[in-house]
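What follows is the content of final06.pdb, which has PDB, C-alpha atoms, pLDDT in the B column:
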ATOM      1  CA  MET V   1       0.000   0.000   0.000  1.00 93.00           C
ATOM      2  CA  HIS V   2       1.288   3.432  -0.937  1.00 95.00           C
ATOM      3  CA  LYS V   3       0.280   6.212   1.435  1.00 94.00           C
ATOM      4  CA  ALA V   4       1.032   9.839   2.186  1.00 95.00           C
ATOM      5  CA  ILE V   5       0.745  11.761   5.447  1.00 96.00           C
ATOM      6  CA  VAL V   6       0.188  15.514   5.505  1.00 95.00           C
ATOM      7  CA  GLY V   7      -0.704  18.217   8.028  1.00 94.00           C
ATOM      8  CA  HIS V   8      -0.956  18.356  11.785  1.00 92.00           C
ATOM      9  CA  GLY V   9      -3.705  18.013  14.364  1.00 91.00           C
ATOM     10  CA  ALA V  10      -6.562  15.561  14.724  1.00 92.00           C
ATOM     11  CA  PRO V  11      -6.176  12.291  12.774  1.00 95.00           C
ATOM     12  CA  VAL V  12      -8.018  11.925   9.482  1.00 97.00           C
ATOM     13  CA  VAL V  13      -7.898   9.021   7.018  1.00 98.00           C
ATOM     14  CA  MET V  14      -9.081   9.841   3.496  1.00 98.00           C
ATOM     15  CA  VAL V  15     -10.132   7.302   0.852  1.00 98.00           C
ATOM     16  CA  HIS V  16     -10.359   8.355  -2.803  1.00 97.00           C
ATOM     17  CA  CYS V  17     -12.842   7.287  -5.460  1.00 96.00           C
ATOM     18  CA  MET V  18     -12.541   4.461  -7.971  1.00 96.00           C
ATOM     19  CA  LEU V  19     -10.042   5.074 -10.811  1.00 95.00           C
ATOM     20  CA  ALA V  20      -8.394   8.020  -9.038  1.00 94.00           C
ATOM     21  CA  ARG V  21      -5.374   8.169  -6.719  1.00 95.00           C
ATOM     22  CA  HIS V  22      -4.734   9.665  -3.303  1.00 96.00           C
ATOM     23  CA  GLU V  23      -3.526  12.971  -4.786  1.00 96.00           C
ATOM     24  CA  SER V  24      -7.101  13.759  -5.829  1.00 96.00           C
ATOM     25  CA  LEU V  25      -7.980  14.413  -2.172  1.00 97.00           C
ATOM     26  CA  LEU V  26      -4.878  16.399  -1.199  1.00 97.00           C
ATOM     27  CA  PRO V  27      -6.572  19.794  -1.783  1.00 97.00           C
ATOM     28  CA  LEU V  28      -9.487  18.738   0.425  1.00 97.00           C
ATOM     29  CA  ALA V  29      -7.072  17.474   3.082  1.00 97.00           C
ATOM     30  CA  ALA V  30      -5.350  20.850   3.123  1.00 96.00           C
ATOM     31  CA  ALA V  31      -8.675  22.684   3.299  1.00 96.00           C
ATOM     32  CA  ILE V  32     -10.062  20.734   6.269  1.00 95.00           C
ATOM     33  CA  GLY V  33      -6.779  20.552   8.186  1.00 92.00           C
ATOM     34  CA  GLY V  34      -5.707  17.822  10.549  1.00 91.00           C
ATOM     35  CA  HIS V  35      -3.121  15.057  10.388  1.00 95.00           C
ATOM     36  CA  ALA V  36      -4.338  13.357   7.226  1.00 96.00           C
ATOM     37  CA  THR V  37      -3.323   9.926   5.977  1.00 97.00           C
ATOM     38  CA  LEU V  38      -4.204   9.227   2.352  1.00 98.00           C
ATOM     39  CA  PHE V  39      -3.519   6.006   0.460  1.00 98.00           C
ATOM     40  CA  ASP V  40      -3.873   4.639  -3.040  1.00 97.00           C
ATOM     41  CA  LEU V  41      -6.554   1.953  -3.313  1.00 97.00           C
ATOM     42  CA  PRO V  42      -5.466  -1.498  -4.539  1.00 96.00           C
ATOM     43  CA  GLY V  43      -4.426  -1.272  -8.168  1.00 95.00           C
ATOM     44  CA  HIS V  44      -4.368   2.537  -8.090  1.00 94.00           C
ATOM     45  CA  GLY V  45      -1.554   5.061  -8.096  1.00 92.00           C
ATOM     46  CA  ARG V  46       1.610   3.509  -6.685  1.00 94.00           C
ATOM     47  CA  SER V  47      -0.104   0.774  -4.673  1.00 96.00           C
ATOM     48  CA  PRO V  48       0.199  -2.902  -5.641  1.00 92.00           C
ATOM     49  CA  ASP V  49      -2.640  -4.454  -7.588  1.00 90.00           C
ATOM     50  CA  TRP V  50      -5.694  -6.123  -6.086  1.00 89.00           C
ATOM     51  CA  ASP V  51      -4.572  -9.569  -4.957  1.00 81.00           C
ATOM     52  CA  GLY V  52      -7.722 -11.242  -6.320  1.00 85.00           C
ATOM     53  CA  ALA V  53      -7.761 -13.578  -3.327  1.00 85.00           C
ATOM     54  CA  GLN V  54     -10.363 -11.608  -1.409  1.00 86.00           C
ATOM     55  CA  ASP V  55     -13.248  -9.279  -2.082  1.00 92.00           C
ATOM     56  CA  TYR V  56     -11.887  -6.034  -3.545  1.00 96.00           C
ATOM     57  CA  GLN V  57     -13.722  -3.834  -1.076  1.00 96.00           C
ATOM     58  CA  ALA V  58     -12.552  -6.027   1.823  1.00 95.00           C
ATOM     59  CA  GLN V  59      -8.927  -5.531   0.799  1.00 95.00           C
ATOM     60  CA  ALA V  60      -9.467  -1.777   0.625  1.00 96.00           C
ATOM     61  CA  VAL V  61     -11.096  -1.819   4.078  1.00 97.00           C
ATOM     62  CA  ALA V  62      -8.120  -3.701   5.505  1.00 96.00           C
ATOM     63  CA  TRP V  63      -5.773  -1.085   4.095  1.00 97.00           C
ATOM     64  CA  ALA V  64      -7.877   1.739   5.537  1.00 98.00           C
ATOM     65  CA  ALA V  65      -7.843   0.021   8.934  1.00 98.00           C
ATOM     66  CA  ALA V  66      -4.053  -0.187   8.778  1.00 97.00           C
ATOM     67  CA  CYS V  67      -3.947   3.607   8.412  1.00 97.00           C
ATOM     68  CA  CYS V  68      -5.904   4.178  11.633  1.00 96.00           C
ATOM     69  CA  ASP V  69      -4.036   4.542  14.913  1.00 93.00           C
ATOM     70  CA  GLY V  70      -6.958   4.501  17.321  1.00 93.00           C
ATOM     71  CA  PRO V  71     -10.323   6.244  16.781  1.00 96.00           C
ATOM     72  CA  THR V  72     -10.095   8.267  13.578  1.00 96.00           C
ATOM     73  CA  HIS V  73     -12.204  10.555  11.411  1.00 97.00           C
ATOM     74  CA  LEU V  74     -12.724   8.782   8.060  1.00 98.00           C
ATOM     75  CA  VAL V  75     -13.422  10.809   4.931  1.00 98.00           C
ATOM     76  CA  GLY V  76     -14.371   8.844   1.826  1.00 98.00           C
ATOM     77  CA  HIS V  77     -15.518   9.780  -1.662  1.00 98.00           C
ATOM     78  CA  SER V  78     -17.659   7.546  -3.893  1.00 98.00           C
ATOM     79  CA  PHE V  79     -16.295   3.979  -3.649  1.00 98.00           C
ATOM     80  CA  GLY V  80     -13.917   5.277  -0.986  1.00 98.00           C
ATOM     81  CA  ALA V  81     -16.930   6.289   1.079  1.00 98.00           C
ATOM     82  CA  THR V  82     -18.259   2.728   0.932  1.00 98.00           C
ATOM     83  CA  VAL V  83     -14.893   1.590   2.285  1.00 98.00           C
ATOM     84  CA  ALA V  84     -15.153   4.090   5.140  1.00 98.00           C
ATOM     85  CA  LEU V  85     -18.690   2.993   6.009  1.00 98.00           C
ATOM     86  CA  ARG V  86     -17.778  -0.694   5.967  1.00 98.00           C
ATOM     87  CA  LEU V  87     -14.796  -0.025   8.227  1.00 98.00           C
ATOM     88  CA  ALA V  88     -17.098   1.740  10.693  1.00 98.00           C
ATOM     89  CA  VAL V  89     -19.279  -1.382  10.763  1.00 97.00           C
ATOM     90  CA  ASP V  90     -16.436  -3.908  10.906  1.00 96.00           C
ATOM     91  CA  ARG V  91     -14.105  -2.010  13.241  1.00 97.00           C
ATOM     92  CA  PRO V  92     -16.051   0.593  15.249  1.00 96.00           C
ATOM     93  CA  ASP V  93     -13.067   0.924  17.589  1.00 97.00           C
ATOM     94  CA  LEU V  94     -11.142   2.624  14.770  1.00 97.00           C
ATOM     95  CA  VAL V  95     -13.752   5.211  13.784  1.00 97.00           C
ATOM     96  CA  SER V  96     -14.651   8.364  15.693  1.00 97.00           C
ATOM     97  CA  ARG V  97     -16.514  10.153  12.896  1.00 97.00           C
ATOM     98  CA  LEU V  98     -17.527   9.608   9.278  1.00 98.00           C
ATOM     99  CA  THR V  99     -17.711  11.941   6.317  1.00 98.00           C
ATOM    100  CA  LEU V 100     -19.289  10.138   3.367  1.00 98.00           C
ATOM    101  CA  ILE V 101     -19.199  12.036   0.084  1.00 98.00           C
ATOM    102  CA  GLU V 102     -21.567  10.347  -2.368  1.00 98.00           C
ATOM    103  CA  PRO V 103     -21.044   6.745  -1.198  1.00 98.00           C
ATOM    104  CA  VAL V 104     -21.936   4.521  -4.142  1.00 98.00           C
ATOM    105  CA  TYR V 105     -23.546   1.812  -2.029  1.00 98.00           C
ATOM    106  CA  PHE V 106     -26.186   1.179  -4.676  1.00 97.00           C
ATOM    107  CA  ALA V 107     -27.626  -1.690  -2.650  1.00 97.00           C
ATOM    108  CA  ALA V 108     -28.987   0.851  -0.162  1.00 98.00           C
ATOM    109  CA  ALA V 109     -31.251   2.313  -2.863  1.00 98.00           C
ATOM    110  CA  ARG V 110     -32.463  -1.017  -4.236  1.00 96.00           C
ATOM    111  CA  GLY V 111     -36.206  -0.987  -4.925  1.00 95.00           C
ATOM    112  CA  THR V 112     -36.371   2.724  -5.775  1.00 97.00           C
ATOM    113  CA  PRO V 113     -37.040   4.157  -9.256  1.00 97.00           C
ATOM    114  CA  ALA V 114     -33.651   5.877  -9.101  1.00 97.00           C
ATOM    115  CA  HIS V 115     -31.928   2.528  -8.625  1.00 97.00           C
ATOM    116  CA  ALA V 116     -33.799   1.036 -11.565  1.00 97.00           C
ATOM    117  CA  ASP V 117     -32.673   3.968 -13.731  1.00 96.00           C
ATOM    118  CA  HIS V 118     -29.105   3.531 -12.518  1.00 96.00           C
ATOM    119  CA  ALA V 119     -29.128  -0.169 -13.399  1.00 94.00           C
ATOM    120  CA  ALA V 120     -30.467   0.553 -16.882  1.00 95.00           C
ATOM    121  CA  GLY V 121     -27.915   3.304 -17.452  1.00 93.00           C
ATOM    122  CA  PHE V 122     -25.059   1.092 -16.305  1.00 93.00           C
ATOM    123  CA  ARG V 123     -25.915  -1.702 -18.745  1.00 94.00           C
ATOM    124  CA  PRO V 124     -23.899  -0.228 -21.670  1.00 94.00           C
ATOM    125  CA  PHE V 125     -20.793  -0.237 -19.470  1.00 94.00           C
ATOM    126  CA  LEU V 126     -21.326  -3.887 -18.585  1.00 94.00           C
ATOM    127  CA  GLU V 127     -21.848  -4.737 -22.257  1.00 95.00           C
ATOM    128  CA  ALA V 128     -18.558  -3.068 -23.167  1.00 96.00           C
ATOM    129  CA  MET V 129     -16.774  -4.999 -20.424  1.00 95.00           C
ATOM    130  CA  ALA V 130     -18.333  -8.262 -21.634  1.00 95.00           C
ATOM    131  CA  ALA V 131     -17.014  -7.455 -25.106  1.00 96.00           C
ATOM    132  CA  ASP V 132     -13.539  -6.854 -23.626  1.00 94.00           C
ATOM    133  CA  ASP V 133     -13.588  -3.265 -24.947  1.00 96.00           C
ATOM    134  CA  GLN V 134     -11.753  -1.396 -22.189  1.00 94.00           C
ATOM    135  CA  SER V 135     -11.699   1.879 -24.087  1.00 95.00           C
ATOM    136  CA  CYS V 136     -15.455   1.932 -24.620  1.00 96.00           C
ATOM    137  CA  ALA V 137     -16.119   0.772 -21.058  1.00 95.00           C
ATOM    138  CA  ALA V 138     -13.871   3.446 -19.569  1.00 95.00           C
ATOM    139  CA  ALA V 139     -15.481   6.145 -21.697  1.00 95.00           C
ATOM    140  CA  ARG V 140     -18.980   5.029 -20.690  1.00 94.00           C
ATOM    141  CA  PHE V 141     -18.070   4.890 -16.996  1.00 94.00           C
ATOM    142  CA  ASN V 142     -16.407   8.296 -17.194  1.00 93.00           C
ATOM    143  CA  ALA V 143     -19.452   9.815 -18.877  1.00 91.00           C
ATOM    144  CA  VAL V 144     -21.499   9.251 -15.720  1.00 90.00           C
ATOM    145  CA  TRP V 145     -18.943   9.428 -12.911  1.00 93.00           C
ATOM    146  CA  GLY V 146     -15.953  11.340 -14.297  1.00 89.00           C
ATOM    147  CA  ALA V 147     -14.805  14.889 -13.679  1.00 82.00           C
ATOM    148  CA  GLN V 148     -14.216  15.790 -17.343  1.00 89.00           C
ATOM    149  CA  PRO V 149     -15.520  14.571 -20.710  1.00 91.00           C
ATOM    150  CA  TRP V 150     -13.591  11.592 -22.091  1.00 93.00           C
ATOM    151  CA  ASP V 151     -12.521  13.420 -25.254  1.00 92.00           C
ATOM    152  CA  VAL V 152     -10.717  16.178 -23.338  1.00 93.00           C
ATOM    153  CA  LEU V 153      -8.758  13.806 -21.111  1.00 94.00           C
ATOM    154  CA  PRO V 154      -5.062  13.467 -22.002  1.00 94.00           C
ATOM    155  CA  PRO V 155      -4.112  10.104 -23.532  1.00 95.00           C
ATOM    156  CA  ARG V 156      -2.108   9.254 -20.416  1.00 95.00           C
ATOM    157  CA  THR V 157      -5.199   9.748 -18.228  1.00 95.00           C
ATOM    158  CA  GLN V 158      -7.348   7.736 -20.620  1.00 95.00           C
ATOM    159  CA  GLY V 159      -4.784   4.951 -20.444  1.00 95.00           C
ATOM    160  CA  TYR V 160      -4.770   5.043 -16.641  1.00 94.00           C
ATOM    161  CA  LEU V 161      -8.548   4.622 -16.582  1.00 95.00           C
ATOM    162  CA  MET V 162      -8.544   1.871 -19.188  1.00 95.00           C
ATOM    163  CA  ASP V 163      -5.836  -0.077 -17.369  1.00 94.00           C
ATOM    164  CA  ARG V 164      -7.924  -0.077 -14.178  1.00 95.00           C
ATOM    165  CA  ILE V 165     -11.455  -0.306 -15.508  1.00 95.00           C
ATOM    166  CA  HIS V 166     -11.595  -3.994 -14.498  1.00 93.00           C
ATOM    167  CA  LEU V 167     -11.523  -2.842 -10.872  1.00 95.00           C
ATOM    168  CA  VAL V 168     -14.974  -1.306 -11.328  1.00 95.00           C
ATOM    169  CA  THR V 169     -16.409  -4.747 -11.950  1.00 93.00           C
ATOM    170  CA  ALA V 170     -14.191  -6.245  -9.231  1.00 93.00           C
ATOM    171  CA  SER V 171     -15.820  -3.919  -6.718  1.00 94.00           C
ATOM    172  CA  GLY V 172     -19.308  -4.252  -8.144  1.00 92.00           C
ATOM    173  CA  ARG V 173     -20.746  -7.083  -6.078  1.00 93.00           C
ATOM    174  CA  ALA V 174     -19.895  -5.413  -2.753  1.00 96.00           C
ATOM    175  CA  ILE V 175     -21.701  -2.194  -3.590  1.00 97.00           C
ATOM    176  CA  GLU V 176     -24.500  -3.511  -5.820  1.00 95.00           C
ATOM    177  CA  ASP V 177     -25.475  -6.643  -3.869  1.00 95.00           C
ATOM    178  CA  ASP V 178     -23.902  -5.915  -0.461  1.00 97.00           C
ATOM    179  CA  PRO V 179     -23.394  -9.572   0.520  1.00 95.00           C
ATOM    180  CA  ALA V 180     -21.849  -8.429   3.821  1.00 94.00           C
ATOM    181  CA  GLY V 181     -25.125  -6.710   4.736  1.00 97.00           C
ATOM    182  CA  ILE V 182     -23.413  -3.415   5.561  1.00 97.00           C
ATOM    183  CA  THR V 183     -26.351  -1.251   4.436  1.00 97.00           C
ATOM    184  CA  ALA V 184     -29.031  -3.273   6.233  1.00 97.00           C
ATOM    185  CA  ALA V 185     -30.988  -1.204   8.724  1.00 97.00           C
ATOM    186  CA  ALA V 186     -30.037  -3.413  11.668  1.00 96.00           C
ATOM    187  CA  CYS V 187     -26.370  -3.153  10.788  1.00 97.00           C
ATOM    188  CA  LEU V 188     -26.304   0.615  10.265  1.00 98.00           C
ATOM    189  CA  ALA V 189     -28.194   1.123  13.534  1.00 97.00           C
ATOM    190  CA  GLN V 190     -24.983   0.041  15.272  1.00 96.00           C
ATOM    191  CA  VAL V 191     -22.983   2.896  13.702  1.00 97.00           C
ATOM    192  CA  THR V 192     -23.434   5.482  16.431  1.00 96.00           C
ATOM    193  CA  VAL V 193     -20.657   7.931  15.469  1.00 98.00           C
ATOM    194  CA  PRO V 194     -21.607  11.251  13.836  1.00 98.00           C
ATOM    195  CA  VAL V 195     -21.973  10.875  10.074  1.00 98.00           C
ATOM    196  CA  THR V 196     -21.805  13.756   7.606  1.00 98.00           C
ATOM    197  CA  LEU V 197     -23.286  12.916   4.194  1.00 98.00           C
ATOM    198  CA  ILE V 198     -22.354  15.293   1.354  1.00 98.00           C
ATOM    199  CA  ARG V 199     -23.648  15.161  -2.219  1.00 98.00           C
ATOM    200  CA  GLY V 200     -23.912  17.354  -5.273  1.00 98.00           C
ATOM    201  CA  ALA V 201     -27.254  18.761  -6.363  1.00 98.00           C
ATOM    202  CA  ASP V 202     -26.496  17.763  -9.969  1.00 96.00           C
ATOM    203  CA  SER V 203     -25.312  14.211  -9.249  1.00 97.00           C
ATOM    204  CA  PRO V 204     -27.087  11.141 -10.689  1.00 96.00           C
ATOM    205  CA  PRO V 205     -30.480  10.669  -8.965  1.00 97.00           C
ATOM    206  CA  VAL V 206     -29.427   7.353  -7.448  1.00 98.00           C
ATOM    207  CA  ILE V 207     -27.049   9.261  -5.165  1.00 98.00           C
ATOM    208  CA  ALA V 208     -29.938  11.117  -3.522  1.00 98.00           C
ATOM    209  CA  ALA V 209     -31.735   7.793  -3.054  1.00 98.00           C
ATOM    210  CA  ILE V 210     -28.645   6.259  -1.433  1.00 98.00           C
ATOM    211  CA  HIS V 211     -28.245   9.239   0.880  1.00 98.00           C
ATOM    212  CA  ALA V 212     -31.907   9.113   1.870  1.00 98.00           C
ATOM    213  CA  ALA V 213     -31.629   5.440   2.794  1.00 98.00           C
ATOM    214  CA  LEU V 214     -28.414   5.887   4.761  1.00 98.00           C
ATOM    215  CA  ALA V 215     -29.692   8.984   6.568  1.00 98.00           C
ATOM    216  CA  ASP V 216     -32.791   7.044   7.581  1.00 98.00           C
ATOM    217  CA  ARG V 217     -30.836   4.038   8.882  1.00 98.00           C
ATOM    218  CA  LEU V 218     -27.890   5.734  10.601  1.00 98.00           C
ATOM    219  CA  PRO V 219     -28.660   7.046  14.115  1.00 98.00           C
ATOM    220  CA  ASP V 220     -26.621  10.260  13.830  1.00 97.00           C
ATOM    221  CA  ALA V 221     -26.433  11.342  10.194  1.00 98.00           C
ATOM    222  CA  VAL V 222     -27.013  14.669   8.466  1.00 98.00           C
ATOM    223  CA  ASP V 223     -27.358  14.980   4.686  1.00 98.00           C
ATOM    224  CA  HIS V 224     -25.913  18.060   2.941  1.00 98.00           C
ATOM    225  CA  VAL V 225     -26.357  19.134  -0.676  1.00 98.00           C
ATOM    226  CA  VAL V 226     -23.854  21.352  -2.525  1.00 98.00           C
ATOM    227  CA  ALA V 227     -25.562  23.524  -5.148  1.00 98.00           C
ATOM    228  CA  GLY V 228     -24.169  23.343  -8.671  1.00 97.00           C
ATOM    229  CA  ALA V 229     -21.989  20.332  -7.874  1.00 97.00           C
ATOM    230  CA  GLY V 230     -21.843  16.864  -9.379  1.00 95.00           C
ATOM    231  CA  HIS V 231     -20.289  13.575  -8.343  1.00 96.00           C
ATOM    232  CA  MET V 232     -16.716  14.877  -8.325  1.00 96.00           C
ATOM    233  CA  LEU V 233     -17.477  17.678  -5.870  1.00 97.00           C
ATOM    234  CA  PRO V 234     -14.406  17.099  -3.642  1.00 97.00           C
ATOM    235  CA  LEU V 235     -12.384  18.281  -6.664  1.00 96.00           C
ATOM    236  CA  SER V 236     -14.777  20.796  -8.221  1.00 95.00           C
ATOM    237  CA  HIS V 237     -16.206  22.329  -5.031  1.00 97.00           C
ATOM    238  CA  THR V 238     -13.408  21.723  -2.547  1.00 98.00           C
ATOM    239  CA  ALA V 239     -14.040  24.814  -0.444  1.00 97.00           C
ATOM    240  CA  ASP V 240     -17.765  24.058  -0.061  1.00 98.00           C
ATOM    241  CA  VAL V 241     -17.114  20.457   0.937  1.00 98.00           C
ATOM    242  CA  ALA V 242     -14.374  21.471   3.376  1.00 97.00           C
ATOM    243  CA  ALA V 243     -16.632  24.048   5.012  1.00 97.00           C
ATOM    244  CA  LEU V 244     -19.298  21.427   5.639  1.00 97.00           C
ATOM    245  CA  ILE V 245     -16.750  19.020   7.118  1.00 97.00           C
ATOM    246  CA  ARG V 246     -15.250  21.657   9.409  1.00 95.00           C
ATOM    247  CA  ALA V 247     -18.674  22.808  10.581  1.00 93.00           C
ATOM    248  CA  ALA V 248     -19.722  19.255  11.374  1.00 91.00           C
ATOM    249  CA  GLY V 249     -16.515  18.746  13.327  1.00 83.00           C
ATOM    250  CA  GLN V 250     -17.242  21.752  15.492  1.00 78.00           C
ATOM    251  CA  GLY V 251     -20.595  20.228  16.300  1.00 58.00           C
ATOM    252  CA  THR V 252     -19.050  16.931  17.410  1.00 51.00           C
ATOM    253  CA  GLY V 253     -16.435  18.392  19.675  1.00 41.00           C
TER     254      GLY V 253
END
Mind turning the file's structure into structure tokens?
Amino acid sequence: MHKAIVGHGAPVVMVHCMLARHESLLPLAAAIGGHATLFDLPGHGRSPDWDGAQDYQAQAVAWAAACCDGPTHLVGHSFGATVALRLAVDRPDLVSRLTLIEPVYFAAARGTPAHADHAAGFRPFLEAMAADDQSCAAARFNAVWGAQPWDVLPPRTQGYLMDRIHLVTASGRAIEDDPAGITAAACLAQVTVPVTLIRGADSPPVIAAIHAALADRLPDAVDHVVAGAGHMLPLSHTADVAALIRAAGQGTG
């Protein structure tokens, strides 16, 4: 696992989104302050690849746990937020507070119209993967969840996404089917730490459905919406996200 440690103060562990690297959250780390530990997910950045021997999300959770030295504030974005939430369930002794920025735990929204729309919209990506067309699959994934249009991305960035696009499917079962039962109401009822949920007003509708389900099932959760922001709001609206995180921290002592 490759990790970086920046800043001083209260401990924070930050987990980036799928197909990114830890550097994507460095501006947010600087904006919120604290002694932040950031790491590259398996197969990302300078970390070794997913070992394939265990569930992808489980390996990421184990790495996040290794970054915690006692109770820690976890900040996660997208898939990284699902890692943070699962760590809070599996190892509550390591988590003092959660900030979940658009956690893509699609299983939480199952049964809603927004989830049905998400599943239909994701089918072209799955078809491209089944056809072993990494370029098409990466472009289709990026069209929904990326920060910039595919055509304006530098070839090196396109290559980075294509080389790792298989990790999207590797992580899929954990967040789509949730076999560990992390998002079940009875399970989330045990997560008693303060939880700050942050999402963009312009994000895919399934995100709002996920947030609604999590806010309903978590005992101490508050949902925040950033106007004019989409899924990549930690990068596009860093100051707004940081302000919400700092304000929530003041409320938790």
List the neighbours of range 182-187 of chain V out to 7 Å using all atoms listed in the file; skip same-chain residues closer than 3 positions along the sequence, and give me the result as an MDAnalysis selection string. chainID V and resid 86 89 108 178 190 217
Put a box with edges along x, y and z around all the listed atoms of range 216-220 of chain V, pad it by 4 Å on each side, then give me its centre and sizes in Å, one decimal, as AutoDock Vina command-line options.
--center_x -29.7 --center_y 7.1 --center_z 10.8 --size_x 14.2 --size_y 14.2 --size_z 14.5
Picked residues, the PyMOL selection byres ((chain V and resi 219) around 12), expected as an MDAnalysis selection string: chainID V and resid 185:196 213:218 220:222
My list of candidates is V:Thr112, V:Val13, V:Pro179, V:Gly172. Which is closest to Leu87 in chain V when distances are computed with all atoms listed in the file?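 Among the listed residues, the smallest separation from Leu87 in chain V belongs to V:Val13.
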Would you list the contacts of His115 in chain V as a ChimeraX atom specification, taking every protein, DNA or RNA residue within 12 Å and counting all atoms listed in the file, but skipping same-chain residues closer than 2 positions in sequence? /V:104-113,117-122,176,204-210,213
Store the residues picked out above in a file with C-alpha atoms, as a compact mmCIF listing (two decimals), in the frame of the given file.
# COMPACT_ATOMS: atom_id res chain seq x y z
CA VAL V 104 -21.94 4.52 -4.14
CA TYR V 105 -23.55 1.81 -2.03
CA PHE V 106 -26.19 1.18 -4.68
CA ALA V 107 -27.63 -1.69 -2.65
CA ALA V 108 -28.99 0.85 -0.16
CA ALA V 109 -31.25 2.31 -2.86
CA ARG V 110 -32.46 -1.02 -4.24
CA GLY V 111 -36.21 -0.99 -4.92
CA THR V 112 -36.37 2.72 -5.78
CA PRO V 113 -37.04 4.16 -9.26
CA ASP V 117 -32.67 3.97 -13.73
CA HIS V 118 -29.10 3.53 -12.52
CA ALA V 119 -29.13 -0.17 -13.40
CA ALA V 120 -30.47 0.55 -16.88
CA GLY V 121 -27.92 3.30 -17.45
CA PHE V 122 -25.06 1.09 -16.30
CA GLU V 176 -24.50 -3.51 -5.82
CA PRO V 204 -27.09 11.14 -10.69
CA PRO V 205 -30.48 10.67 -8.96
CA VAL V 206 -29.43 7.35 -7.45
CA ILE V 207 -27.05 9.26 -5.16
CA ALA V 208 -29.94 11.12 -3.52
CA ALA V 209 -31.74 7.79 -3.05
CA ILE V 210 -28.64 6.26 -1.43
CA ALA V 213 -31.63 5.44 2.79
Do a neighbour search on Met14 in chain V at 10 Å with all atoms listed in the file, toss out local chain neighbours closer than 4 positions, and write the hits as number ranges by chain. V: 22, 25-26, 28-29, 36-40, 64, 67, 73-77, 80-81, 84, 99
For the structure shown, which residues end up in the PyMOL selection byres ((chain V and resi 132-145) around 9)? Put them as a PyMOL selection string, please? chain V and resi 121-122+124-131+146-151+158-159+161-166+168+203-204+230-232
I need the residue nearest Ala227 in chain V from this list: V:Ile245, V:Ile198, V:Ala31, V:Ala53. Use all atoms listed in the file for the distance.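 Counting all atoms listed in the file, the residue closest to Ala227 in chain V is V:Ile198.
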Given only C-alpha atoms as the basis, pick out the residue of V:Ile101, V:Val12, V:Met18, V:Ala174 nearest to Cys68 in chain V. V:Val12
Nearest candidate to His211 in chain V (options V:Ala248, V:Arg156, V:Glu102, V:Gly228; using only C-alpha atoms):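 Nearest to His211 in chain V: V:Glu102.
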In Å, rounded to a single decimal, give me how far CA of Tyr56 in chain V is from CA of Ala201 in chain V.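 Here the two named atoms are 29.3 Å from each other.
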CA of Ala239 in chain V and CA of Pro154 in chain V are how many Å apart?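 Spanning CA of Ala239 in chain V to CA of Pro154 in chain V is a straight-line distance of 26.0 Å.
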Mind giving me the straight-line distance from CA of Gly52 in chain V to CA of Ser78 in chain V in Å, one decimal?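 About the pair CA of Gly52 in chain V and CA of Ser78 in chain V: they are 21.4 Å apart.
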I'd like to know which of V:Ala243, V:Leu153, V:Cys17, V:Val83 is closest to Ile32 in chain V, using all atoms listed in the file. V:Ala243
Please enumerate the residues selected by the PyMOL selection byres ((chain V and resi 72) around 6) when evaluated against the supplied file, formatted as a ChimeraX atom specification. /V:11-12,71,73,94-96
Tell me, as JSON, numbers by chain, which residues lie within 12 Å of Pro42 in chain V, counting only C-alpha atoms; anything in the same chain fewer than 2 positions away does not count. {"V": [1, 2, 3, 15, 16, 17, 18, 19, 20, 21, 22, 39, 40, 44, 45, 46, 47, 48, 49, 50, 51, 52, 54, 55, 56, 57, 58, 59, 60, 61, 62, 63, 64, 80, 164, 166, 167, 168, 170, 171]}
Take range 6-14 of chain V, model N, CA and C atoms, and hand the result over as a compact mmCIF listing (two decimals), keeping the file's coordinate frame.
# COMPACT_ATOMS: atom_id res chain seq x y z
N VAL V 6 0.03 14.07 5.61
CA VAL V 6 0.19 15.51 5.50
C VAL V 6 -0.50 16.19 6.69
N GLY V 7 -0.03 17.38 7.04
CA GLY V 7 -0.70 18.22 8.03
C GLY V 7 -0.45 17.82 9.46
N HIS V 8 -1.10 18.55 10.35
CA HIS V 8 -0.96 18.36 11.78
C HIS V 8 -2.33 18.50 12.45
N GLY V 9 -2.47 17.88 13.61
CA GLY V 9 -3.70 18.01 14.36
C GLY V 9 -4.42 16.69 14.52
N ALA V 10 -5.75 16.76 14.52
CA ALA V 10 -6.56 15.56 14.72
C ALA V 10 -6.39 14.59 13.56
N PRO V 11 -6.40 13.28 13.84
CA PRO V 11 -6.18 12.29 12.77
C PRO V 11 -7.36 12.17 11.82
N VAL V 12 -7.03 12.12 10.54
CA VAL V 12 -8.02 11.92 9.48
C VAL V 12 -7.45 10.90 8.50
N VAL V 13 -8.26 9.94 8.09
CA VAL V 13 -7.90 9.02 7.02
C VAL V 13 -8.85 9.28 5.86
N MET V 14 -8.29 9.47 4.66
CA MET V 14 -9.08 9.84 3.50
C MET V 14 -8.95 8.77 2.42
